[in-house]
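For reference, entry02.txt (compact mmCIF, C-alpha atoms):
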# COMPACT_ATOMS: atom_id res chain seq x y z
CA MET A 223 -5.23 -7.86 21.81
CA ARG A 224 -4.85 -5.70 18.72
CA THR A 225 -3.58 -2.15 19.26
CA PRO A 226 -6.05 0.42 17.84
CA GLN A 227 -4.80 1.67 14.51
CA VAL A 228 -4.44 5.25 13.38
CA VAL A 229 -5.75 5.18 9.83
CA VAL A 230 -5.12 7.85 7.22
CA VAL A 231 -7.91 7.75 4.64
CA MET A 232 -6.23 8.83 1.41
CA GLY A 233 -7.06 9.33 -2.25
CA VAL A 234 -7.81 11.94 -4.85
CA ALA A 235 -10.53 14.51 -4.25
CA GLY A 236 -14.01 13.08 -4.60
CA THR A 237 -13.24 9.51 -3.54
CA GLY A 238 -15.25 9.92 -0.36
CA LYS A 239 -12.61 10.54 2.30
CA THR A 240 -14.95 12.88 4.19
CA THR A 241 -17.84 10.40 3.94
CA ILE A 242 -15.98 7.15 4.60
CA GLY A 243 -13.61 8.54 7.25
CA PRO A 244 -16.31 9.26 9.86
CA LEU A 245 -18.13 6.00 9.05
CA LEU A 246 -14.90 4.05 9.49
CA ALA A 247 -14.09 5.87 12.73
CA ALA A 248 -17.56 5.04 14.08
CA ARG A 249 -17.14 1.36 13.14
CA LEU A 250 -13.73 1.27 14.83
CA GLY A 251 -14.91 3.25 17.87
CA VAL A 252 -12.24 5.94 17.48
CA PRO A 253 -12.31 9.69 16.77
CA TYR A 254 -12.26 11.16 13.27
CA ALA A 255 -10.34 14.26 12.16
CA GLU A 256 -11.11 15.99 8.87
CA GLY A 257 -7.83 16.54 7.04
CA ASP A 258 -9.12 19.66 5.31
CA ASP A 259 -9.38 21.32 8.74
CA PHE A 260 -5.59 21.17 9.06
CA HIS A 261 -5.04 23.34 5.94
CA PRO A 262 -3.93 26.90 6.54
CA GLN A 263 -6.25 29.50 5.00
CA ALA A 264 -3.70 30.27 2.25
CA ASN A 265 -4.03 26.68 0.98
CA ILE A 266 -7.83 26.86 0.99
CA ASP A 267 -7.68 30.17 -0.90
CA LYS A 268 -5.41 28.64 -3.56
CA MET A 269 -7.58 25.57 -4.06
CA THR A 270 -10.77 27.65 -4.14
CA ALA A 271 -9.17 29.69 -6.93
CA GLY A 272 -8.44 26.47 -8.85
CA ILE A 273 -4.70 26.62 -8.18
CA PRO A 274 -3.11 23.27 -7.26
CA LEU A 275 -1.03 23.22 -4.10
CA ASP A 276 2.70 22.71 -4.42
CA ASP A 277 4.86 20.75 -2.01
CA ALA A 278 5.81 23.86 -0.02
CA ASP A 279 2.10 24.42 0.61
CA ARG A 280 1.59 20.84 1.71
CA TRP A 281 4.46 20.36 4.21
CA PRO A 282 2.89 22.33 7.13
CA TRP A 283 -0.47 20.66 6.46
CA LEU A 284 1.07 17.18 6.48
CA GLU A 285 3.04 17.98 9.64
CA ALA A 286 -0.17 19.03 11.42
CA ILE A 287 -1.96 15.84 10.37
CA GLY A 288 1.07 13.78 11.40
CA HIS A 289 1.10 15.36 14.86
CA TRP A 290 -2.61 14.57 15.33
CA ALA A 291 -1.93 10.97 14.29
CA HIS A 292 1.11 10.75 16.59
CA ASP A 293 -0.97 11.97 19.52
CA ARG A 294 -3.49 9.17 18.80
CA ALA A 295 -0.83 6.40 18.79
CA GLY A 296 -2.05 3.44 20.79
CA LEU A 297 -5.50 5.03 21.09
CA GLY A 298 -6.60 4.78 17.47
CA GLY A 299 -8.09 7.35 15.17
CA VAL A 300 -9.03 8.09 11.60
CA VAL A 301 -7.91 11.17 9.70
CA SER A 302 -8.33 12.11 6.07
CA SER A 303 -5.50 13.35 3.85
CA SER A 304 -5.11 13.05 0.12
CA ALA A 305 -1.53 11.77 0.73
CA LEU A 306 -1.18 11.41 -3.02
CA LYS A 307 2.63 11.13 -3.24
CA ARG A 308 4.89 8.65 -1.52
CA ALA A 309 6.88 11.63 -0.20
CA TYR A 310 3.74 12.94 1.54
CA ARG A 311 3.07 9.57 3.14
CA ASP A 312 6.74 9.36 4.15
CA ARG A 313 6.37 12.79 5.81
CA LEU A 314 3.30 11.58 7.72
CA ARG A 315 5.11 8.38 8.78
CA ALA A 316 8.12 10.42 9.93
CA VAL A 317 5.87 12.11 12.50
CA ALA A 318 3.59 9.13 13.21
CA PRO A 319 5.48 5.92 12.32
CA GLY A 320 2.72 3.40 13.06
CA ILE A 321 -0.01 4.86 10.86
CA VAL A 322 -1.69 2.79 8.19
CA PHE A 323 -3.24 4.06 4.97
CA LEU A 324 -6.63 3.33 3.50
CA HIS A 325 -6.44 4.30 -0.17
CA LEU A 326 -9.90 4.98 -1.55
CA SER A 327 -9.48 4.35 -5.25
CA GLY A 328 -11.79 4.29 -8.19
CA ASP A 329 -12.61 5.12 -11.76
CA ARG A 330 -12.02 8.76 -12.75
CA GLN A 331 -15.46 9.09 -14.33
CA LEU A 332 -17.23 7.91 -11.16
CA ILE A 333 -15.16 10.23 -8.99
CA GLU A 334 -15.80 13.24 -11.25
CA GLU A 335 -19.54 12.49 -11.18
CA ARG A 336 -19.51 12.39 -7.38
CA MET A 337 -17.47 15.60 -7.19
CA SER A 338 -19.91 17.43 -9.43
CA ARG A 339 -22.74 16.65 -6.98
CA ARG A 340 -20.88 17.97 -3.91
CA GLN A 341 -21.96 21.26 -2.45
CA GLY A 342 -20.00 23.65 -0.30
CA HIS A 343 -16.56 22.13 -0.94
CA PHE A 344 -13.61 24.28 -2.01
CA MET A 345 -12.04 21.72 -4.38
CA PRO A 346 -13.31 22.24 -7.95
CA THR A 347 -13.60 19.33 -10.39
CA ALA A 348 -11.09 21.19 -12.60
CA LEU A 349 -8.32 20.06 -10.22
CA LEU A 350 -9.18 16.36 -10.53
CA ASP A 351 -6.75 15.82 -13.42
CA SER A 352 -3.90 17.31 -11.37
CA GLN A 353 -4.84 15.00 -8.50
CA PHE A 354 -4.70 11.89 -10.70
CA ALA A 355 -1.43 13.08 -12.26
CA THR A 356 0.08 13.45 -8.78
CA LEU A 357 -1.25 10.16 -7.36
CA GLN A 358 1.34 7.53 -6.53
CA PRO A 359 -0.53 4.44 -5.28
CA LEU A 360 0.58 2.67 -2.13
CA GLN A 361 3.69 0.58 -2.60
CA PRO A 362 4.09 -2.98 -1.22
CA ASP A 363 6.39 -1.72 1.56
CA GLU A 364 3.80 0.79 2.82
CA ALA A 365 1.40 -0.28 5.58
CA GLY A 366 -2.03 0.06 4.10
CA VAL A 367 -4.74 -1.19 1.80
CA ALA A 368 -6.58 0.02 -1.28
CA VAL A 369 -10.36 -0.19 -1.38
CA ASP A 370 -12.53 0.47 -4.42
CA VAL A 371 -15.07 3.29 -4.03
CA GLY A 372 -17.74 1.60 -6.11
CA GLY A 373 -21.02 1.13 -4.24
CA GLY A 374 -22.56 2.94 -1.33
CA PRO A 375 -20.81 4.38 1.73
CA GLN A 376 -21.74 1.50 4.04
CA GLU A 377 -20.49 -1.07 1.54
CA ILE A 378 -17.20 0.79 1.06
CA THR A 379 -16.78 1.13 4.82
CA GLU A 380 -17.34 -2.60 5.35
CA ARG A 381 -14.75 -3.42 2.67
CA ALA A 382 -12.35 -1.04 4.43
CA VAL A 383 -12.93 -2.60 7.86
CA ARG A 384 -12.27 -6.10 6.49
CA ALA A 385 -9.15 -5.00 4.59
CA LEU A 386 -7.70 -3.15 7.58
CA ALA A 387 -8.42 -6.10 9.89
CA ALA A 388 -6.33 -8.30 7.59
CA LEU A 389 -3.23 -6.10 8.03
CA PRO A 390 -0.53 -7.24 10.45
CA ASP A 391 -0.73 -5.52 13.85
CA THR A 392 2.04 -2.95 13.56
CA ALA A 393 0.22 0.08 14.97
CA GLY A 394 1.80 -0.05 18.41
CA SER A 395 5.20 -1.45 17.56
CA SER A 396 6.98 1.66 16.26
CA GLN A 397 5.30 4.61 17.92
Written as structure tokens, how would this file's structure read?
Amino acid sequence: MRTPQVVVVMGVAGTGKTTIGPLLAARLGVPYAEGDDFHPQANIDKMTAGIPLDDADRWPWLEAIGHWAHDRAGLGGVVSSSALKRAYRDRLRAVAPGIVFLHLSGDRQLIEERMSRRQGHFMPTALLDSQFATLQPLQPDEAGVAVDVGGGPQEITERAVRALAALPDTAGSSQ
């Protein structure tokens, strides 16, 4: 029997992490945690002001997400985190070794259009360029899959479920 995975839904702002994450969690029958909820208030204040976070801002946030993921090892879960750089994903894996990544990827124009329609989110579209500049896609040695964000949420979620199901079962082997 396959060990339930802990999936980190990653990607630049506006790719749908907050939409797809809960849908994926529901399909997998596991809890969802919103990565933005792990940010300290100082990070939220910076992003609201249009100031990109630096690595020093991100380390405590990534550690908190990693601890949530570690606590879900063998139980499964879905958590969102931009996880744009390899170093950020390495930090998450250092705390929760068996996690897998679902990279929501897509065309910049589509993502900006979706971001401009969001309401009540602290990340302004002005930071999208910095997000794309920072993004380092998953490497072949990283457990995870990339899924295109074209189409509706249910379609994207189904693509994600199929892609994740095709991964080797490594979730329980190193945690």
**Residue nearest A:Gly372 - candidates A:Thr237, A:Gln227, A:Ser302, A:Ser352, atoms counted: all atoms listed in the file** = A:Thr237
**Request:** Could you check how far atom CA of A:Glu285 sits from atom CA of A:Val231, in Å to one decimal?
**Result:**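 Between these atoms lies a distance of 15.8 Å.
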Tell me, as an mmCIF file with C-alpha atoms, keeping the file's coordinate frame, which residues lie within 12 Å of A:Arg311, counting only C-alpha atoms; anything in the same chain fewer than 4 positions away does not count.
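Saved result, part33.cif, follows:
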data_model
loop_
_atom_site.group_PDB
_atom_site.id
_atom_site.type_symbol
_atom_site.label_atom_id
_atom_site.label_comp_id
_atom_site.auth_asym_id
_atom_site.auth_seq_id
_atom_site.Cartn_x
_atom_site.Cartn_y
_atom_site.Cartn_z
ATOM 1 C CA VAL A 229 -5.750 5.180 9.830
ATOM 2 C CA VAL A 230 -5.120 7.850 7.220
ATOM 3 C CA VAL A 231 -7.910 7.750 4.640
ATOM 4 C CA MET A 232 -6.230 8.830 1.410
ATOM 5 C CA GLY A 233 -7.060 9.330 -2.250
ATOM 6 C CA ARG A 280 1.590 20.840 1.710
ATOM 7 C CA TRP A 281 4.460 20.360 4.210
ATOM 8 C CA LEU A 284 1.070 17.180 6.480
ATOM 9 C CA GLU A 285 3.040 17.980 9.640
ATOM 10 C CA ILE A 287 -1.960 15.840 10.370
ATOM 11 C CA GLY A 288 1.070 13.780 11.400
ATOM 12 C CA SER A 303 -5.500 13.350 3.850
ATOM 13 C CA SER A 304 -5.110 13.050 0.120
ATOM 14 C CA ALA A 305 -1.530 11.770 0.730
ATOM 15 C CA LEU A 306 -1.180 11.410 -3.020
ATOM 16 C CA LYS A 307 2.630 11.130 -3.240
ATOM 17 C CA ARG A 315 5.110 8.380 8.780
ATOM 18 C CA ALA A 316 8.120 10.420 9.930
ATOM 19 C CA VAL A 317 5.870 12.110 12.500
ATOM 20 C CA ALA A 318 3.590 9.130 13.210
ATOM 21 C CA PRO A 319 5.480 5.920 12.320
ATOM 22 C CA GLY A 320 2.720 3.400 13.060
ATOM 23 C CA ILE A 321 -0.010 4.860 10.860
ATOM 24 C CA VAL A 322 -1.690 2.790 8.190
ATOM 25 C CA PHE A 323 -3.240 4.060 4.970
ATOM 26 C CA LEU A 324 -6.630 3.330 3.500
ATOM 27 C CA HIS A 325 -6.440 4.300 -0.170
ATOM 28 C CA LEU A 357 -1.250 10.160 -7.360
ATOM 29 C CA GLN A 358 1.340 7.530 -6.530
ATOM 30 C CA PRO A 359 -0.530 4.440 -5.280
ATOM 31 C CA LEU A 360 0.580 2.670 -2.130
ATOM 32 C CA GLN A 361 3.690 0.580 -2.600
ATOM 33 C CA ASP A 363 6.390 -1.720 1.560
ATOM 34 C CA GLU A 364 3.800 0.790 2.820
ATOM 35 C CA ALA A 365 1.400 -0.280 5.580
ATOM 36 C CA GLY A 366 -2.030 0.060 4.100
#
**Message:** With all atoms listed in the file as the counted atoms, please give the residues lying no more than 7 Å from A:Glu256, apart from itself and same-chain residues fewer than 3 positions off, as a PyMOL selection string.
**Reply:** chain A and resi 240+259+301-302
**Item:** Nearest to A:Asp258, chosen from A:Leu297, A:Ala368, A:Ile273, A:Ala235, with only C-alpha atoms counted in the distances
**Value:**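 Using only C-alpha atoms, A:Asp258 sits closest to A:Ala235.
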**Prompt:** Out of A:Ala295, A:Met269, A:Leu250, A:Ala264, which residue has the shortest atom-to-atom distance to A:Ala387 when counting all atoms listed in the file?
**Reply:**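 When distances to A:Ala387 are compared using all atoms listed in the file, the smallest one comes from A:Leu250.
Relative to atom CA of A:Gly328, atom CA of A:Val252 is found at 25.7 Å.
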**Prompt:** Please, what distance in Å, to one decimal, runs between atom CA of A:Asp277 and atom CA of A:Asp312?
**Reply:** 13.1 Å
Six-sided padding of 6 Å per side, axis-aligned box over stretch 358-370 of chain A, centre and edges in Å, one decimal, as JSON:
{"center_x": -3.1, "center_y": 2.3, "center_z": -0.5, "size_x": 30.9, "size_y": 22.5, "size_z": 24.1}
**Fill in**
Counting only C-alpha atoms, closest pick from A:Tyr310, A:Arg249, A:Tyr254, A:Arg381 relative to A:Asp279 is A:Tyr310
**Asked** Which is closest to A:Ile242 among A:Pro262, A:Pro226, A:Gly373, A:Gly296, if we use all atoms listed in the file?
**Response**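 Looking only at the distances to A:Ile242, the closest residue turns out to be A:Gly373.
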Kindly output stretch 279-302 of chain A as an mmCIF file, in the frame of the given file, after building N, CA and C atoms.
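Output file selection.cif is given in full below:
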data_model
loop_
_atom_site.group_PDB
_atom_site.id
_atom_site.type_symbol
_atom_site.label_atom_id
_atom_site.label_comp_id
_atom_site.auth_asym_id
_atom_site.auth_seq_id
_atom_site.Cartn_x
_atom_site.Cartn_y
_atom_site.Cartn_z
ATOM 1 N N ASP A 279 3.404 24.196 -0.022
ATOM 2 C CA ASP A 279 2.100 24.420 0.610
ATOM 3 C C ASP A 279 1.692 23.239 1.479
ATOM 4 N N ARG A 280 2.062 22.053 1.049
ATOM 5 C CA ARG A 280 1.590 20.840 1.710
ATOM 6 C C ARG A 280 2.358 20.476 2.977
ATOM 7 N N TRP A 281 3.646 20.828 3.078
ATOM 8 C CA TRP A 281 4.460 20.360 4.210
ATOM 9 C C TRP A 281 3.853 20.742 5.564
ATOM 10 N N PRO A 282 3.463 22.007 5.807
ATOM 11 C CA PRO A 282 2.890 22.330 7.130
ATOM 12 C C PRO A 282 1.575 21.584 7.388
ATOM 13 N N TRP A 283 0.785 21.386 6.347
ATOM 14 C CA TRP A 283 -0.470 20.660 6.460
ATOM 15 C C TRP A 283 -0.207 19.203 6.851
ATOM 16 N N LEU A 284 0.739 18.568 6.165
ATOM 17 C CA LEU A 284 1.070 17.180 6.480
ATOM 18 C C LEU A 284 1.652 17.043 7.884
ATOM 19 N N GLU A 285 2.470 17.998 8.281
ATOM 20 C CA GLU A 285 3.040 17.980 9.640
ATOM 21 C C GLU A 285 1.930 18.035 10.684
ATOM 22 N N ALA A 286 0.938 18.898 10.459
ATOM 23 C CA ALA A 286 -0.170 19.030 11.420
ATOM 24 C C ALA A 286 -0.976 17.738 11.501
ATOM 25 N N ILE A 287 -1.248 17.118 10.365
ATOM 26 C CA ILE A 287 -1.960 15.840 10.370
ATOM 27 C C ILE A 287 -1.121 14.769 11.070
ATOM 28 N N GLY A 288 0.175 14.748 10.767
ATOM 29 C CA GLY A 288 1.070 13.780 11.400
ATOM 30 C C GLY A 288 1.102 13.927 12.916
ATOM 31 N N HIS A 289 1.089 15.154 13.404
ATOM 32 C CA HIS A 289 1.100 15.360 14.860
ATOM 33 C C HIS A 289 -0.210 14.873 15.495
ATOM 34 N N TRP A 290 -1.336 15.099 14.814
ATOM 35 C CA TRP A 290 -2.610 14.570 15.330
ATOM 36 C C TRP A 290 -2.527 13.044 15.406
ATOM 37 N N ALA A 291 -2.041 12.428 14.332
ATOM 38 C CA ALA A 291 -1.930 10.970 14.290
ATOM 39 C C ALA A 291 -0.974 10.461 15.363
ATOM 40 N N HIS A 292 0.143 11.143 15.553
ATOM 41 C CA HIS A 292 1.110 10.750 16.590
ATOM 42 C C HIS A 292 0.468 10.791 17.969
ATOM 43 N N ASP A 293 -0.310 11.825 18.228
ATOM 44 C CA ASP A 293 -0.970 11.970 19.520
ATOM 45 C C ASP A 293 -2.015 10.878 19.763
ATOM 46 N N ARG A 294 -2.485 10.236 18.698
ATOM 47 C CA ARG A 294 -3.490 9.170 18.800
ATOM 48 C C ARG A 294 -2.845 7.774 18.840
ATOM 49 N N ALA A 295 -1.521 7.694 18.782
ATOM 50 C CA ALA A 295 -0.830 6.400 18.790
ATOM 51 C C ALA A 295 -1.248 5.579 19.995
ATOM 52 N N GLY A 296 -1.618 4.340 19.748
ATOM 53 C CA GLY A 296 -2.050 3.440 20.790
ATOM 54 C C GLY A 296 -3.510 3.626 21.191
ATOM 55 N N LEU A 297 -4.108 4.729 20.769
ATOM 56 C CA LEU A 297 -5.500 5.030 21.090
ATOM 57 C C LEU A 297 -6.418 4.800 19.893
ATOM 58 N N GLY A 298 -5.838 4.928 18.706
ATOM 59 C CA GLY A 298 -6.600 4.780 17.470
ATOM 60 C C GLY A 298 -7.214 6.099 17.018
ATOM 61 N N GLY A 299 -7.478 6.169 15.753
ATOM 62 C CA GLY A 299 -8.090 7.350 15.170
ATOM 63 C C GLY A 299 -8.146 7.202 13.669
ATOM 64 N N VAL A 300 -8.936 8.039 13.060
ATOM 65 C CA VAL A 300 -9.030 8.090 11.600
ATOM 66 C C VAL A 300 -8.917 9.548 11.204
ATOM 67 N N VAL A 301 -8.077 9.817 10.222
ATOM 68 C CA VAL A 301 -7.910 11.170 9.700
ATOM 69 C C VAL A 301 -7.843 11.092 8.189
ATOM 70 N N SER A 302 -8.391 12.084 7.536
ATOM 71 C CA SER A 302 -8.330 12.110 6.070
ATOM 72 C C SER A 302 -7.179 12.986 5.611
#
